[in-house]
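Encoded as structure tokens, the structure appears first; notes follow it.
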Amino acid sequence: MIDDFRRNMVRSNPISIMGEEVVVVKECQYLNVHLDNRLDWRNKSETVNKKEQSRLLGLNSNLRLAFLLQELSDQTGSEFDNSNVRWVITVPAIWKMPAKQFMREAAYKSALVSRENPEQLIIALEPEAASIYCRKLRLHQMVDLGTQTTQNGFSPNDNVGSGMTQAKEHARRNRQSRTFLVENVIGELWSELEEGDRYVVMDCGGGTVDLTVHQIRLPEGHLKELYKASGGPYGSIGVDYEFEKLLCKIFGQDFIDQFKIKRPAAWVDLMIAFESRKRAAAPERTNPLNINLPFSFIDYYKKFRGHSVDHALRKSNVDFVKWSSQGMLRMSPDAMNTLFKPTIDHIIQHLTELFEKPEVSDIKFLFLVGGFAESALLQQAVQNMLQGRSRIIIPHDVGLTILKGAVLFGLDPSVIKVRRSPLTYGVGVLNRFVEGKHPPEKLLIKDGTRWCTDVFDTFIAADQSVALGEMVKRSYTPAKPSQQVIVIHVYCSEKESAGFISEPGVRKCGTLRLDVSGTESSAPRREIQTLMQFGDTEIRAMAIDVSTGRTVKASIDFLSH
């Protein structure tokens with residue numbers, strides 16, 4: 001699994017429990033930033049040196065490389081085939097359905113799983129996965145910011161010695177942390193929770209920050225989502241963007257653009273060097289932070305401008321960044337903290353707005369997870385915002401929290417019993433026209449009957465609670481007996497209710513396709529009953545020909561819209 005704070009490569013982590021193999025993959029951070037509601041297989045994304053490649057091709061290649069069965073066999077020490085594996089792909093909770101379908105389609109095209117066996121792949125939401133794992137926390141596996149003083153993101157009391165003593169303690173913790181997979185128990189922290197207690201999980205990754213609000217159901221430890229998942233593109237990559245803006249201010253936008261094109265490997269080296277210094281930023285730090293400049297940066301700048309990097313720094317009027325004769329940029333702690341400020345401000349603003357919601361009152365814990373949660377600057381900002389209203393808990397293995405939770409989710413996807421719908425979903429239908437209720441411009445007269453067009457038939461409303469496995473039933477009839485396919489457009493809106501599909505804020509987001517070929521019936525009126533499931537991480541559809549009882553192939557396409 002990729003650590004969001006490092007964002008270096010895609011990795012897979014297989015874990016075998018009682019003969020069942022669960023493998024988790026976390027999406028690459030740069031893909032995370034680029035996936036949006038305008039996805040299309042033909043879309044291109046840029047590499048660091050501005051070369052274009054298909055988004056699907058790039059992800060497809062990652063999946064092929066990351067999930068070779070031979071690699072899994074080598075790691076687990078046993079031979080098995082793909083049918084023994086349940087794959088789990090984790091994605092940010094704020095991703096819309098097109099992005100989730102994009103990940104599933106990439107898995108199909110890479111032969112990770114087949115379309116004939118879609119249940120073999122589960123899409124897990126990252127804060128949900130973290131929440132599932134946090135139920136298992138032991139006291140030695142976490143830092144409570146409310147009771148300990150933090151330094152560079154962790155408590156000084158966490159130091160368990162040096163040399164062999166530290167290695168033994170690390171091994172002991174690793175052995176105990178693995179028990180979360182096989183023990184059907186709740187962690188020590190959960191012993192402080194009572195039925196109905198609420199907590200927030202804030203997943204601070206590289207590309208996004210996702211928040212989810214859960215309520216505990218005892219004694220099983222099942223979870224109920226109290227408020228729809230929220231967040232935004234406020235991940236640690238925002239700090240990288242601020243650093244790049246600083247470099248542009250010092251050396252010029254034109255030079256930085258050309259350097260990334262001509263020396264892409266050196267640019268990556270520079271950002272890796274910045275990454276290590278970024279981790280060292282802390283509120284009380286007084287020593288400067290040194291960032292190594294690659295020799296190719298220094299050399300290319302001299303060729304590009306005709307003078308040295310030192311000259312550029314002296315002329316830039318950026319007083320808080322100095323040049324070191326050892327070939328390093330020397331940044332003051334305040335300068336580094338300034339790079340964090342825009343991103344952290346966005347996070348705190350969103351967190352403040354979330355805690356003002358009625359559903360988010362009386363929060364007992366706030367769990368900080370994800371690679372960016374290691375940042376002492378972010379931890380302090382969250383502490384200052386909450387002012388002791390909730391206890392802030394950080395797992396020791398903060399970068400692996402989502403991965404471990406995703407494994408638990410793969411073993412038991414039913415642990416989240418109730419979710420909240422992020423959007424209102426429905427279809428456009430014809431209803432009998434009612435004078436005084438329906439606008440005249442929606443009137444359609446067909447065969448002497450007055451109809452109202454474009455009526456929004458709501459399947460589920462935004463922020464509505466939906467139980468796991470809950471179905472929405474609708475019946476449709478082919479316009480002609482010989483019709484082979486029924487195509488129904490699905491619409492969505494952020495509003496909790498909509499009267500017509502033509503209203504502002506309502507958009508076409510998907511297509512429900514019912515293949516009724518091979519289910520011919522002698523009945524004069526064929527009724528196709530459609531069942532749509534909204535309580536999972538993905539929307540699913542199935543259909544039955546009522547007259548024959550046969551299953552009708554049903555699929556929902558969100559990518560074409």
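Starting from 1 in every chain, residues are counted up; chains themselves are A, B, ... following the order of the structure tokens, and ligands are numbered from 1 as listed.
Within the 8 Å cut-off around Lys508 (chain A), using only C-alpha atoms and omitting residues fewer than 6 positions from it on the same chain, the listed residues are His489, Val490, Tyr491, Cys492 and His561 of chain A.
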When you look at region 383-391 of chain A with a cut-off of 12 Å (counting only C-alpha atoms), what residues show up, excluding the ones that are within fewer than 3 positions of it in the same chain? I need them as a PyMOL selection string. chain A and resi 143-150+189+192+197-201+344-345+347-356+360-368+376-380+394
Which residues are near Ser131 (chain A)? Cut-off 8 Å, only C-alpha atoms, ignore same chain within fewer than 2 positions. Put them as JSON, numbers by chain. {"A": [127, 128, 129, 133, 134, 135, 201, 214, 405]}
Would you save the residues from that selection as a short mmCIF file (atom, residue, chain, number, x, y, z; two decimals), in the first residue's frame, using N, CA and C atoms?
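part_36.cif was written with the following content:
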```
data_model
loop_
_atom_site.label_atom_id
_atom_site.label_comp_id
_atom_site.auth_asym_id
_atom_site.auth_seq_id
_atom_site.Cartn_x
_atom_site.Cartn_y
_atom_site.Cartn_z
N PRO A 127 -11.59 6.28 4.60
CA PRO A 127 -11.89 6.56 6.02
C PRO A 127 -12.71 5.46 6.67
N GLU A 128 -13.55 4.76 5.89
CA GLU A 128 -14.28 3.62 6.44
C GLU A 128 -13.31 2.52 6.85
N ALA A 129 -12.33 2.25 5.98
CA ALA A 129 -11.35 1.22 6.30
C ALA A 129 -10.58 1.59 7.57
N TYR A 133 -10.44 -0.40 11.34
CA TYR A 133 -9.22 -0.79 12.04
C TYR A 133 -9.13 -0.15 13.43
N CYS A 134 -9.55 1.11 13.53
CA CYS A 134 -9.42 1.82 14.80
C CYS A 134 -10.21 1.15 15.92
N ARG A 135 -11.23 0.37 15.56
CA ARG A 135 -11.96 -0.37 16.59
C ARG A 135 -11.07 -1.36 17.32
N VAL A 201 -13.48 10.04 11.78
CA VAL A 201 -12.20 9.61 11.20
C VAL A 201 -11.81 10.61 10.13
N HIS A 214 -19.00 8.19 12.30
CA HIS A 214 -19.56 6.88 12.60
C HIS A 214 -20.11 6.82 14.02
N GLY A 405 -7.28 -1.78 7.83
CA GLY A 405 -8.73 -1.72 7.86
C GLY A 405 -9.36 -2.28 6.61
#
```
Compile the contact shell of Arg450 (chain A) as a count of residues only: residues with an atom at most 8 Å away, counting only C-alpha atoms, same-chain residues fewer than 3 positions apart removed. 6
Close residues, Val309 (chain A) itself excluded, 8 Å, only C-alpha atoms, min 6 positions apart in chain, as a VMD selection string: chain A and resid 251 298 301 to 302 323
Between CA of Val382 (chain A) and CA of Leu246 (chain A), what is the distance, to one decimal in Å? 25.7 Å
Show me, as a list in words, the residues that have an atom within 12 Å of Pro439 (chain A) when counting only C-alpha atoms, minus same-chain residues fewer than 6 positions from it.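 In the requested format, the answer is Phe433, Trp451, Cys452, Thr453, Asp454, Val455, Gly499 and Phe500 of chain A.
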Those residues you just picked out, can you put them in a file as a PDB file, in the first residue's frame with N, CA and C atoms?
```
ATOM      1  N   PHE A 433     -50.576  14.463 -15.851  1.00  0.00           N
ATOM      2  CA  PHE A 433     -50.504  15.915 -15.673  1.00  0.00           C
ATOM      3  C   PHE A 433     -51.617  16.381 -14.733  1.00  0.00           C
ATOM      4  N   TRP A 451     -49.921  14.079 -20.103  1.00  0.00           N
ATOM      5  CA  TRP A 451     -48.774  13.637 -19.311  1.00  0.00           C
ATOM      6  C   TRP A 451     -47.899  14.834 -18.933  1.00  0.00           C
ATOM      7  N   CYS A 452     -47.220  14.693 -17.806  1.00  0.00           N
ATOM      8  CA  CYS A 452     -46.195  15.670 -17.403  1.00  0.00           C
ATOM      9  C   CYS A 452     -44.839  15.028 -17.640  1.00  0.00           C
ATOM     10  N   THR A 453     -43.997  15.684 -18.415  1.00  0.00           N
ATOM     11  CA  THR A 453     -42.688  15.125 -18.772  1.00  0.00           C
ATOM     12  C   THR A 453     -41.608  15.553 -17.773  1.00  0.00           C
ATOM     13  N   ASP A 454     -40.500  14.851 -17.826  1.00  0.00           N
ATOM     14  CA  ASP A 454     -39.283  15.211 -17.076  1.00  0.00           C
ATOM     15  C   ASP A 454     -39.463  15.176 -15.562  1.00  0.00           C
ATOM     16  N   VAL A 455     -40.408  14.412 -15.072  1.00  0.00           N
ATOM     17  CA  VAL A 455     -40.590  14.325 -13.622  1.00  0.00           C
ATOM     18  C   VAL A 455     -39.433  13.520 -13.017  1.00  0.00           C
ATOM     19  N   GLY A 499     -37.779  18.242  -8.328  1.00  0.00           N
ATOM     20  CA  GLY A 499     -39.070  17.985  -8.948  1.00  0.00           C
ATOM     21  C   GLY A 499     -38.962  17.513 -10.375  1.00  0.00           C
ATOM     22  N   PHE A 500     -37.974  18.086 -11.109  1.00  0.00           N
ATOM     23  CA  PHE A 500     -37.825  17.766 -12.525  1.00  0.00           C
ATOM     24  C   PHE A 500     -36.350  17.592 -12.858  1.00  0.00           C
TER      25      PHE A 500
END
```
Going by DSSP on the backbone, which bits of region 170-380 of chain A are strand (DSSP E)? Write them as a PDB file with C-alpha atoms, in the first residue's frame, please.
```pdb
ATOM      1  CA  ARG A 198     -19.921   8.953  17.968  1.00  0.00           C
ATOM      2  CA  TYR A 199     -16.502   9.546  16.473  1.00  0.00           C
ATOM      3  CA  VAL A 200     -14.917  11.115  13.394  1.00  0.00           C
ATOM      4  CA  VAL A 201     -12.204   9.607  11.204  1.00  0.00           C
ATOM      5  CA  MET A 202     -10.107  12.121   9.284  1.00  0.00           C
ATOM      6  CA  ASP A 203      -8.051  10.435   6.569  1.00  0.00           C
ATOM      7  CA  CYS A 204      -5.274  12.846   5.616  1.00  0.00           C
ATOM      8  CA  VAL A 209      -8.588  14.652   3.043  1.00  0.00           C
ATOM      9  CA  ASP A 210     -11.715  12.559   3.727  1.00  0.00           C
ATOM     10  CA  LEU A 211     -13.890  12.692   6.812  1.00  0.00           C
ATOM     11  CA  THR A 212     -16.534  10.252   7.924  1.00  0.00           C
ATOM     12  CA  VAL A 213     -18.722  10.246  11.045  1.00  0.00           C
ATOM     13  CA  HIS A 214     -19.563   6.878  12.602  1.00  0.00           C
ATOM     14  CA  GLN A 215     -21.646   5.644  15.489  1.00  0.00           C
ATOM     15  CA  ILE A 216     -20.772   2.434  17.302  1.00  0.00           C
ATOM     16  CA  ARG A 217     -23.255  -0.390  17.735  1.00  0.00           C
ATOM     17  CA  HIS A 222     -20.922  -2.672  13.850  1.00  0.00           C
ATOM     18  CA  LEU A 223     -20.806   0.865  12.479  1.00  0.00           C
ATOM     19  CA  LYS A 224     -23.409   3.333  11.283  1.00  0.00           C
ATOM     20  CA  GLU A 225     -22.541   6.346   9.152  1.00  0.00           C
ATOM     21  CA  LEU A 226     -24.169   9.456  10.641  1.00  0.00           C
ATOM     22  CA  TYR A 227     -23.227  12.045   8.022  1.00  0.00           C
ATOM     23  CA  LYS A 228     -22.280  11.629   4.390  1.00  0.00           C
ATOM     24  CA  ALA A 229     -18.561  11.429   3.671  1.00  0.00           C
ATOM     25  CA  SER A 230     -16.993  14.805   3.010  1.00  0.00           C
ATOM     26  CA  GLY A 231     -13.617  16.359   2.337  1.00  0.00           C
ATOM     27  CA  GLY A 232     -11.679  17.821  -0.533  1.00  0.00           C
ATOM     28  CA  LEU A 289      15.788  22.837   7.040  1.00  0.00           C
ATOM     29  CA  ASN A 290      18.272  22.010   4.290  1.00  0.00           C
ATOM     30  CA  ILE A 291      17.061  20.758   0.915  1.00  0.00           C
ATOM     31  CA  ASN A 292      19.605  19.214  -1.440  1.00  0.00           C
ATOM     32  CA  VAL A 321      15.584  30.925   1.757  1.00  0.00           C
ATOM     33  CA  LYS A 322      19.383  31.006   1.638  1.00  0.00           C
ATOM     34  CA  TRP A 323      22.008  29.243  -0.422  1.00  0.00           C
ATOM     35  CA  SER A 324      24.464  26.894   1.241  1.00  0.00           C
ATOM     36  CA  MET A 328      21.526  23.096  -0.510  1.00  0.00           C
ATOM     37  CA  LEU A 329      18.615  25.456  -0.118  1.00  0.00           C
ATOM     38  CA  ARG A 330      18.405  26.494   3.529  1.00  0.00           C
ATOM     39  CA  MET A 331      14.845  27.263   4.596  1.00  0.00           C
ATOM     40  CA  ILE A 363     -18.058  13.530  19.209  1.00  0.00           C
ATOM     41  CA  LYS A 364     -15.988  11.447  21.621  1.00  0.00           C
ATOM     42  CA  PHE A 365     -12.931  10.732  19.455  1.00  0.00           C
ATOM     43  CA  LEU A 366     -11.321  12.135  16.338  1.00  0.00           C
ATOM     44  CA  PHE A 367      -8.969   9.647  14.681  1.00  0.00           C
ATOM     45  CA  LEU A 368      -6.203  11.170  12.563  1.00  0.00           C
ATOM     46  CA  VAL A 369      -4.997   8.644   9.974  1.00  0.00           C
TER      47      VAL A 369
END
```
I'd like the neighbourhood of Phe304 (chain A) as a ChimeraX atom specification, where a residue qualifies if any of its atoms comes within 12 Å (using only C-alpha atoms), though same-chain residues fewer than 5 positions away should be ignored. /A:251-252,254-259,262,296-299,309,312
Would you output that residue set with C-alpha atoms, as a PDB file, in the first residue's frame?
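As a result, again-v5.pdb now contains:
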```pdb
ATOM      1  CA  PHE A 251      14.134  30.784 -10.421  1.00  0.00           C
ATOM      2  CA  GLY A 252      11.291  31.699 -12.772  1.00  0.00           C
ATOM      3  CA  ASP A 254       9.828  29.323 -17.461  1.00  0.00           C
ATOM      4  CA  PHE A 255      12.905  27.640 -16.013  1.00  0.00           C
ATOM      5  CA  ILE A 256      10.944  25.294 -13.724  1.00  0.00           C
ATOM      6  CA  ASP A 257       8.668  24.262 -16.605  1.00  0.00           C
ATOM      7  CA  GLN A 258      11.639  23.491 -18.843  1.00  0.00           C
ATOM      8  CA  PHE A 259      13.558  21.738 -16.089  1.00  0.00           C
ATOM      9  CA  LYS A 262      14.275  18.220 -19.797  1.00  0.00           C
ATOM     10  CA  SER A 296      21.658  18.749 -12.748  1.00  0.00           C
ATOM     11  CA  PHE A 297      19.400  21.513 -11.361  1.00  0.00           C
ATOM     12  CA  ILE A 298      22.393  23.725 -10.593  1.00  0.00           C
ATOM     13  CA  ASP A 299      24.054  22.932 -13.916  1.00  0.00           C
ATOM     14  CA  VAL A 309      21.725  29.521  -8.338  1.00  0.00           C
ATOM     15  CA  ALA A 312      19.204  33.882  -8.359  1.00  0.00           C
TER      16      ALA A 312
END
```
Taking the chain letters and numbering used in this document, name the residues of region 266-295 of chain A that DSSP puts in helix (DSSP H, G or I), as JSON, numbers by chain. {"A": [266, 267, 268, 269, 270, 271, 272, 273, 274, 275, 276, 277, 278, 279, 295]}
With distances taken over only C-alpha atoms, which of A:Asp545, A:Leu400, A:Thr537, A:Ser375 is nearest to Arg420 (chain A)?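 Of the candidates, the smallest distance to Arg420 (chain A) is held by A:Thr537.
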Selected residue of minimal separation from Ala406 (chain A) among A:Leu125, A:Ala107, A:Gly327, A:Leu72, counting only C-alpha atoms: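 Closest residue, counting only C-alpha atoms: A:Leu125.
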